[in-house]
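K.L.:
Please find one structure pasted underneath; my questions will follow.
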Amino acid sequence: MSLFVVPVINTIKEFVDAQGITPYQFRKDVGIAQRTAYDLYNNPLQLPSSSVLTKICDRYEIQPSLLLKWVPIVEREAMASGGD
């Protein structure tokens, strides 16, 4: 049985860490709900809604491509099966 895993993951944890800020500061800077910020930070499979993505990009003046990454099929299959 094949499980569907989206071909894109978020790289928000890497972005936040590279900024040298905490997930809490990220949440405050962007003006999003605590749950949303922590879900995005802790789960790369959690994709931001278009409105949240817009808020992040506007706040930090960045392209969405800094926050999203395409994942090859082999890696998606490993994610779906629970592997690394």
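So you can find residues: chains in the structure tokens are A, B, ... in the order shown, residues in each start at 1, and ligands are numbered from 1 in order.
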Could you make a table, as JSON lines, of the residues of range 22-46 of chain A that have an atom within 12 Å of an atom of range 65-75 of chain A, each with its nearest atom pair and distance in Å to one decimal, counting only C-alpha atoms, in chain and number order?

P.N.:
```
{"residue": "A:Leu40", "atom": "CA", "partner": "A:Leu67", "partner_atom": "CA", "distance": 10.2}
{"residue": "A:Tyr41", "atom": "CA", "partner": "A:Leu67", "partner_atom": "CA", "distance": 10.8}
{"residue": "A:Pro44", "atom": "CA", "partner": "A:Leu68", "partner_atom": "CA", "distance": 9.1}
{"residue": "A:Leu45", "atom": "CA", "partner": "A:Leu68", "partner_atom": "CA", "distance": 10.2}
{"residue": "A:Gln46", "atom": "CA", "partner": "A:Leu68", "partner_atom": "CA", "distance": 10.6}
```

K.L.:
Among the residues of range 13-68 of chain A, find those DSSP assigns to alpha helix (DSSP H) from the backbone and print them as a ChimeraX atom specification.

P.N.:
/A:13-19,23-30,34-42,50-60

K.L.:
Those selected residues, please, written with N, CA and C atoms and delivered as a short mmCIF file (atom, residue, chain, number, x, y, z; two decimals), in the first residue's frame.

P.N.:
```cif
data_model
loop_
_atom_site.label_atom_id
_atom_site.label_comp_id
_atom_site.auth_asym_id
_atom_site.auth_seq_id
_atom_site.Cartn_x
_atom_site.Cartn_y
_atom_site.Cartn_z
N LYS A 13 11.92 25.55 10.69
CA LYS A 13 12.85 25.34 11.81
C LYS A 13 14.25 25.82 11.43
N GLU A 14 14.72 25.43 10.26
CA GLU A 14 16.04 25.86 9.82
C GLU A 14 16.12 27.38 9.68
N PHE A 15 15.05 27.97 9.13
CA PHE A 15 15.01 29.42 8.96
C PHE A 15 15.05 30.13 10.32
N VAL A 16 14.19 29.70 11.23
CA VAL A 16 14.13 30.32 12.57
C VAL A 16 15.47 30.17 13.29
N ASP A 17 16.02 28.97 13.26
CA ASP A 17 17.31 28.74 13.92
C ASP A 17 18.42 29.60 13.31
N ALA A 18 18.40 29.75 11.98
CA ALA A 18 19.42 30.57 11.31
C ALA A 18 19.27 32.05 11.67
N GLN A 19 18.06 32.47 12.01
CA GLN A 19 17.83 33.85 12.42
C GLN A 19 18.31 34.09 13.85
N PRO A 23 11.29 29.92 18.64
CA PRO A 23 9.96 29.80 18.04
C PRO A 23 8.98 30.82 18.62
N TYR A 24 9.13 31.13 19.90
CA TYR A 24 8.26 32.13 20.54
C TYR A 24 8.46 33.50 19.89
N GLN A 25 9.70 33.90 19.69
CA GLN A 25 9.97 35.20 19.06
C GLN A 25 9.46 35.21 17.63
N PHE A 26 9.64 34.10 16.91
CA PHE A 26 9.12 33.97 15.55
C PHE A 26 7.61 34.21 15.54
N ARG A 27 6.91 33.58 16.46
CA ARG A 27 5.46 33.72 16.57
C ARG A 27 5.06 35.17 16.81
N LYS A 28 5.76 35.81 17.74
CA LYS A 28 5.46 37.21 18.05
C LYS A 28 5.78 38.13 16.86
N ASP A 29 6.91 37.90 16.21
CA ASP A 29 7.30 38.71 15.05
C ASP A 29 6.26 38.63 13.94
N VAL A 30 5.80 37.42 13.67
CA VAL A 30 4.91 37.18 12.53
C VAL A 30 3.45 37.48 12.87
N GLN A 34 0.13 30.66 18.59
CA GLN A 34 1.20 29.86 19.19
C GLN A 34 1.21 28.44 18.62
N ARG A 35 0.05 27.82 18.54
CA ARG A 35 -0.04 26.44 18.03
C ARG A 35 0.48 26.35 16.60
N THR A 36 0.12 27.32 15.78
CA THR A 36 0.57 27.33 14.38
C THR A 36 2.09 27.43 14.32
N ALA A 37 2.65 28.36 15.07
CA ALA A 37 4.10 28.56 15.04
C ALA A 37 4.85 27.31 15.48
N TYR A 38 4.41 26.72 16.58
CA TYR A 38 5.11 25.54 17.09
C TYR A 38 4.89 24.31 16.19
N ASP A 39 3.70 24.18 15.61
CA ASP A 39 3.47 23.08 14.67
C ASP A 39 4.38 23.21 13.45
N LEU A 40 4.49 24.41 12.93
CA LEU A 40 5.35 24.62 11.76
C LEU A 40 6.82 24.39 12.12
N TYR A 41 7.22 24.83 13.29
CA TYR A 41 8.61 24.69 13.73
C TYR A 41 8.97 23.22 13.96
N ASN A 42 8.08 22.48 14.56
CA ASN A 42 8.38 21.10 14.97
C ASN A 42 8.03 20.02 13.95
N SER A 50 -1.67 29.81 3.03
CA SER A 50 -1.20 30.93 2.20
C SER A 50 -1.14 32.22 3.00
N SER A 51 -2.09 32.42 3.91
CA SER A 51 -2.07 33.66 4.70
C SER A 51 -0.90 33.68 5.68
N VAL A 52 -0.58 32.54 6.29
CA VAL A 52 0.56 32.47 7.21
C VAL A 52 1.86 32.62 6.43
N LEU A 53 1.95 31.98 5.29
CA LEU A 53 3.15 32.10 4.45
C LEU A 53 3.37 33.57 4.06
N THR A 54 2.29 34.25 3.71
CA THR A 54 2.38 35.67 3.35
C THR A 54 2.86 36.50 4.54
N LYS A 55 2.33 36.24 5.73
CA LYS A 55 2.76 36.98 6.93
C LYS A 55 4.25 36.79 7.20
N ILE A 56 4.72 35.55 7.07
CA ILE A 56 6.14 35.27 7.32
C ILE A 56 7.01 36.00 6.30
N CYS A 57 6.64 35.86 5.03
CA CYS A 57 7.44 36.48 3.97
C CYS A 57 7.44 38.01 4.08
N ASP A 58 6.27 38.58 4.40
CA ASP A 58 6.20 40.04 4.55
C ASP A 58 7.04 40.51 5.74
N ARG A 59 6.96 39.81 6.85
CA ARG A 59 7.67 40.22 8.06
C ARG A 59 9.19 40.18 7.86
N TYR A 60 9.67 39.11 7.24
CA TYR A 60 11.12 38.95 7.09
C TYR A 60 11.63 39.37 5.70
#
```

K.L.:
What gap, in Å, lies between CA of Gly82 in chain A and CA of Ile12 in chain A?

P.N.:
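Distance between the two atoms: 20.9 Å.
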
K.L.:
Based on DSSP run over this structure's backbone, return all residues of chain A in strand (DSSP E), as a VMD selection string.

P.N.:
chain A and resid 8 to 10 68 to 70

K.L.:
Fewer than 3 positions away in the same chain doesn't count, so skip those; otherwise give me all residues within 9 Å of Arg76 in chain A, counting only C-alpha atoms, as a PyMOL selection string.

P.N.:
chain A and resi 4-7+71-73+79-81
